[in-house]
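Chemist: Please read through the structure below; I'll follow up with questions.
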Amino acid sequence: MAKNIINKTVLITGGAKRIGAHISEFLHGTGMNVIIHYRNSASSAKKLKSKLNKKRVNSAEILQADLLDKDSLSPLIENSVKIFGRLDCLINNASSYYPTPLLKINEDSWEELMGSNLKAPLFLSKFAAPYLKEVNGSIINITDTHIKSPKKSYIIYSIAKSGLVTLTHSLAQELAPEVRVNAVAPGPILWPDDKNEFSDIYKAKVVKETLLKKTGDPSNISEAVYFLIAKGLYTTGHVLEVDGGRSFSL
Ligand SMILES: NC(=O)c1ccc[n+]([C@@H]2O[C@H](COP(=O)([O-])OP(=O)(O)OC[C@H]3O[C@@H](n4cnc5c(N)ncnc54)[C@H](OP(=O)(O)O)[C@@H]3O)[C@@H](O)[C@H]2O)c1
């Protein structure tokens, strides 16, 4: 049973849909105030905000930003702090994800995949750090279990997520002792919305490769995030695999 963590505020990037939306709703359910960041998913973000504020008045807000726009990163943090007067946790969840076979790599794919998965988490952490220090807060980076043996053709995504693990380790040292920095590495939780991205044969292979012989659920990620925020108070610089044991076969 999740413990109540009333009066704390969390910013979830990419928090309007899929895993990010589940994290937003789950943490809200533990008593936290949530700031749901979105880029294009305005309607999902508004719906989620309204649903959460109906449960508890003035407990959820939304902020729009394209994390590739370097001038959006500091304002995203500053505006988040203004809304509820504090920031206890930054969850770097937003991510772009698509294959980049070597011969198709170009500057745009580099900027987009590195920008959303690595550069934005770094700069958001930098801008959030003073506020997180004030309240002994934490940062949680959402990485990917697959980087242990990178998925073929996903070169830039894989190096960006690997960088995010290194960033987790670096920031844990940089921001200690006031701020804890951890990561959650999901395995197969939700298949991409684009039905053509993965074939049924590939999906079956992935499931077979997990020790638990099934895909996970967004709630598995939310519970891991909750643990790292509220329970794992002696844990920093850690990557928590939530992958059904898939990393053993990678
Ligand atoms: N799904 C899985 O099974 C799985 C497996 C391993 C790792 N992960 C990791 O877990 C996290 C959540 O996964 P997911 O599948 O739920 O993610 P997702 O749906 O692929 O993406 C989450 C959100 O990221 C936002 N985003 C992408 N590029 C952005 C940018 N330039 N600026 C601002 N926002 C941007 C999008 O927001 P808008 O919709 O508002 O544009 C999107 O809704 C990701 O970090 C992912 O890498 C997921």
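So you can find residues: chains in the structure tokens are A, B, ... in the order shown, residues in each start at 1, and ligands are numbered from 1 in order.
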Produce a table with one row for each residue of chain A that has an atom at most 9 Å from any atom of ligand 1, each row naming the nearest atom pair and its distance in Å at one decimal; use only C-alpha atoms and all ligand atoms; arrange rows by chain and rising residue number; format as a tab-separated table.
Modeler:
residue	atom	partner	partner_atom_place_in_ligand_line	distance
A:Thr13	CA	ligand 1	34 (N)	6.6
A:Gly14	CA	ligand 1	23 (C)	3.9
A:Gly15	CA	ligand 1	23 (C)	6.7
A:Ala16	CA	ligand 1	40 (O)	6.2
A:Lys17	CA	ligand 1	43 (O)	5.2
A:Arg18	CA	ligand 1	16 (O)	4.3
A:Ile19	CA	ligand 1	16 (O)	3.9
A:Gly20	CA	ligand 1	16 (O)	5.6
A:Ala21	CA	ligand 1	16 (O)	7.9
A:His22	CA	ligand 1	16 (O)	8.8
A:His37	CA	ligand 1	40 (O)	7.3
A:Tyr38	CA	ligand 1	40 (O)	3.7
A:Arg39	CA	ligand 1	40 (O)	3.5
A:Asn40	CA	ligand 1	41 (O)	3.7
A:Ser41	CA	ligand 1	40 (O)	3.8
A:Ala42	CA	ligand 1	40 (O)	6.6
A:Ser44	CA	ligand 1	40 (O)	8.2
A:Ala45	CA	ligand 1	40 (O)	7.7
A:Gln64	CA	ligand 1	40 (O)	7.8
A:Ala65	CA	ligand 1	33 (C)	5.8
A:Asp66	CA	ligand 1	32 (N)	3.8
A:Leu67	CA	ligand 1	32 (N)	3.7
A:Leu68	CA	ligand 1	31 (N)	4.8
A:Asp69	CA	ligand 1	31 (N)	7.8
A:Asn92	CA	ligand 1	45 (O)	7.2
A:Asn93	CA	ligand 1	45 (O)	4.3
A:Ala94	CA	ligand 1	24 (O)	3.4
A:Ser95	CA	ligand 1	27 (C)	4.3
A:Ser96	CA	ligand 1	27 (C)	4.4
A:Tyr97	CA	ligand 1	20 (O)	6.0
A:Glu112	CA	ligand 1	31 (N)	6.4
A:Leu113	CA	ligand 1	28 (N)	8.0
A:Gly115	CA	ligand 1	31 (N)	6.9
A:Ser116	CA	ligand 1	31 (N)	5.0
A:Asn117	CA	ligand 1	45 (O)	7.0
A:Ala120	CA	ligand 1	32 (N)	8.4
A:Asn141	CA	ligand 1	45 (O)	7.8
A:Ile142	CA	ligand 1	45 (O)	4.8
A:Thr143	CA	ligand 1	9 (C)	5.7
A:Asp144	CA	ligand 1	7 (C)	4.1
A:Thr145	CA	ligand 1	6 (C)	6.4
A:His146	CA	ligand 1	6 (C)	7.1
A:Tyr157	CA	ligand 1	47 (O)	8.4
A:Lys161	CA	ligand 1	47 (O)	7.6
A:Val184	CA	ligand 1	10 (O)	8.3
A:Ala185	CA	ligand 1	7 (C)	6.3
A:Pro186	CA	ligand 1	6 (C)	4.4
A:Gly187	CA	ligand 1	5 (C)	4.9
A:Pro188	CA	ligand 1	3 (O)	4.1
A:Ile189	CA	ligand 1	3 (O)	3.5
A:Leu190	CA	ligand 1	3 (O)	3.9
A:Trp191	CA	ligand 1	3 (O)	5.5
A:Pro192	CA	ligand 1	15 (O)	6.2
A:Asp193	CA	ligand 1	19 (O)	7.5
A:Thr215	CA	ligand 1	3 (O)	8.3
A:Gly216	CA	ligand 1	3 (O)	7.8
A:Asp217	CA	ligand 1	3 (O)	8.5
A:Pro218	CA	ligand 1	16 (O)	8.2
A:Ile221	CA	ligand 1	10 (O)	8.4
A:Asp243	CA	ligand 1	6 (C)	8.3
Chemist: Fewer than 3 positions away in the same chain doesn't count, so skip those; otherwise give me all residues within 8 Å of region 4-10 of chain A, counting only C-alpha atoms, as a PDB file with N, CA and C atoms, in the first residue's frame.
Modeler:
ATOM      1  N   THR A  30      -0.973   9.024  -4.159  1.00  0.00           N
ATOM      2  CA  THR A  30      -0.273   8.900  -2.868  1.00  0.00           C
ATOM      3  C   THR A  30      -0.308  10.216  -2.096  1.00  0.00           C
ATOM      4  N   GLY A  31      -0.898  11.245  -2.708  1.00  0.00           N
ATOM      5  CA  GLY A  31      -1.009  12.521  -1.999  1.00  0.00           C
ATOM      6  C   GLY A  31      -0.133  13.616  -2.577  1.00  0.00           C
ATOM      7  N   MET A  32       0.672  13.282  -3.579  1.00  0.00           N
ATOM      8  CA  MET A  32       1.551  14.314  -4.143  1.00  0.00           C
ATOM      9  C   MET A  32       0.766  15.261  -5.059  1.00  0.00           C
ATOM     10  N   ASN A  33       1.233  16.493  -5.139  1.00  0.00           N
ATOM     11  CA  ASN A  33       0.780  17.402  -6.191  1.00  0.00           C
ATOM     12  C   ASN A  33       1.602  17.099  -7.434  1.00  0.00           C
ATOM     13  N   VAL A  34       0.937  17.067  -8.590  1.00  0.00           N
ATOM     14  CA  VAL A  34       1.663  16.671  -9.796  1.00  0.00           C
ATOM     15  C   VAL A  34       1.636  17.770 -10.854  1.00  0.00           C
ATOM     16  N   ILE A  35       2.779  17.941 -11.478  1.00  0.00           N
ATOM     17  CA  ILE A  35       2.863  18.808 -12.645  1.00  0.00           C
ATOM     18  C   ILE A  35       3.132  17.903 -13.834  1.00  0.00           C
ATOM     19  N   PHE A  84       3.253  25.203  -7.164  1.00  0.00           N
ATOM     20  CA  PHE A  84       2.946  24.692  -5.816  1.00  0.00           C
ATOM     21  C   PHE A  84       3.973  25.165  -4.771  1.00  0.00           C
ATOM     22  N   ARG A  86       7.147  24.597  -4.496  1.00  0.00           N
ATOM     23  CA  ARG A  86       8.294  23.734  -4.187  1.00  0.00           C
ATOM     24  C   ARG A  86       8.399  22.652  -5.260  1.00  0.00           C
ATOM     25  N   LEU A  87       9.537  22.008  -5.299  1.00  0.00           N
ATOM     26  CA  LEU A  87       9.700  20.851  -6.194  1.00  0.00           C
ATOM     27  C   LEU A  87      10.456  19.770  -5.425  1.00  0.00           C
ATOM     28  N   ASP A  88       9.795  18.631  -5.239  1.00  0.00           N
ATOM     29  CA  ASP A  88      10.389  17.534  -4.472  1.00  0.00           C
ATOM     30  C   ASP A  88      10.976  16.441  -5.351  1.00  0.00           C
ATOM     31  N   CYS A  89      10.458  16.340  -6.570  1.00  0.00           N
ATOM     32  CA  CYS A  89      10.958  15.260  -7.421  1.00  0.00           C
ATOM     33  C   CYS A  89      10.813  15.623  -8.899  1.00  0.00           C
ATOM     34  N   LEU A  90      11.858  15.330  -9.637  1.00  0.00           N
ATOM     35  CA  LEU A  90      11.841  15.478 -11.105  1.00  0.00           C
ATOM     36  C   LEU A  90      11.922  14.082 -11.699  1.00  0.00           C
ATOM     37  N   ILE A  91      10.956  13.747 -12.533  1.00  0.00           N
ATOM     38  CA  ILE A  91      10.996  12.444 -13.206  1.00  0.00           C
ATOM     39  C   ILE A  91      11.222  12.673 -14.692  1.00  0.00           C
ATOM     40  N   ALA A 230       9.785   7.557  -2.052  1.00  0.00           N
ATOM     41  CA  ALA A 230       9.266   7.619  -0.678  1.00  0.00           C
ATOM     42  C   ALA A 230       9.823   6.579   0.272  1.00  0.00           C
TER      43      ALA A 230
END
Chemist: Residues at most 7 Å from region 196-211 of chain A, counting only C-alpha atoms, excluding those fewer than 5 positions away in the same chain, as a VMD selection string?
Modeler: chain A and resid 244 to 246 249
Chemist: Which is closer to Ile77 (chain A) than all the others in A:Asn58, A:Ser125, A:Asn182, A:Ser162, using only C-alpha atoms?
Modeler: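 Ranking A:Asn58, A:Ser125, A:Asn182, A:Ser162 by distance to Ile77 (chain A), first place goes to A:Ser125.
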Chemist: Nearest residue to Ile139 (chain A) out of A:Val242, A:Ala176, A:Leu250, A:Leu52, using only C-alpha atoms?
Modeler: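 Result for the nearest residue to Ile139 (chain A): A:Ala176.
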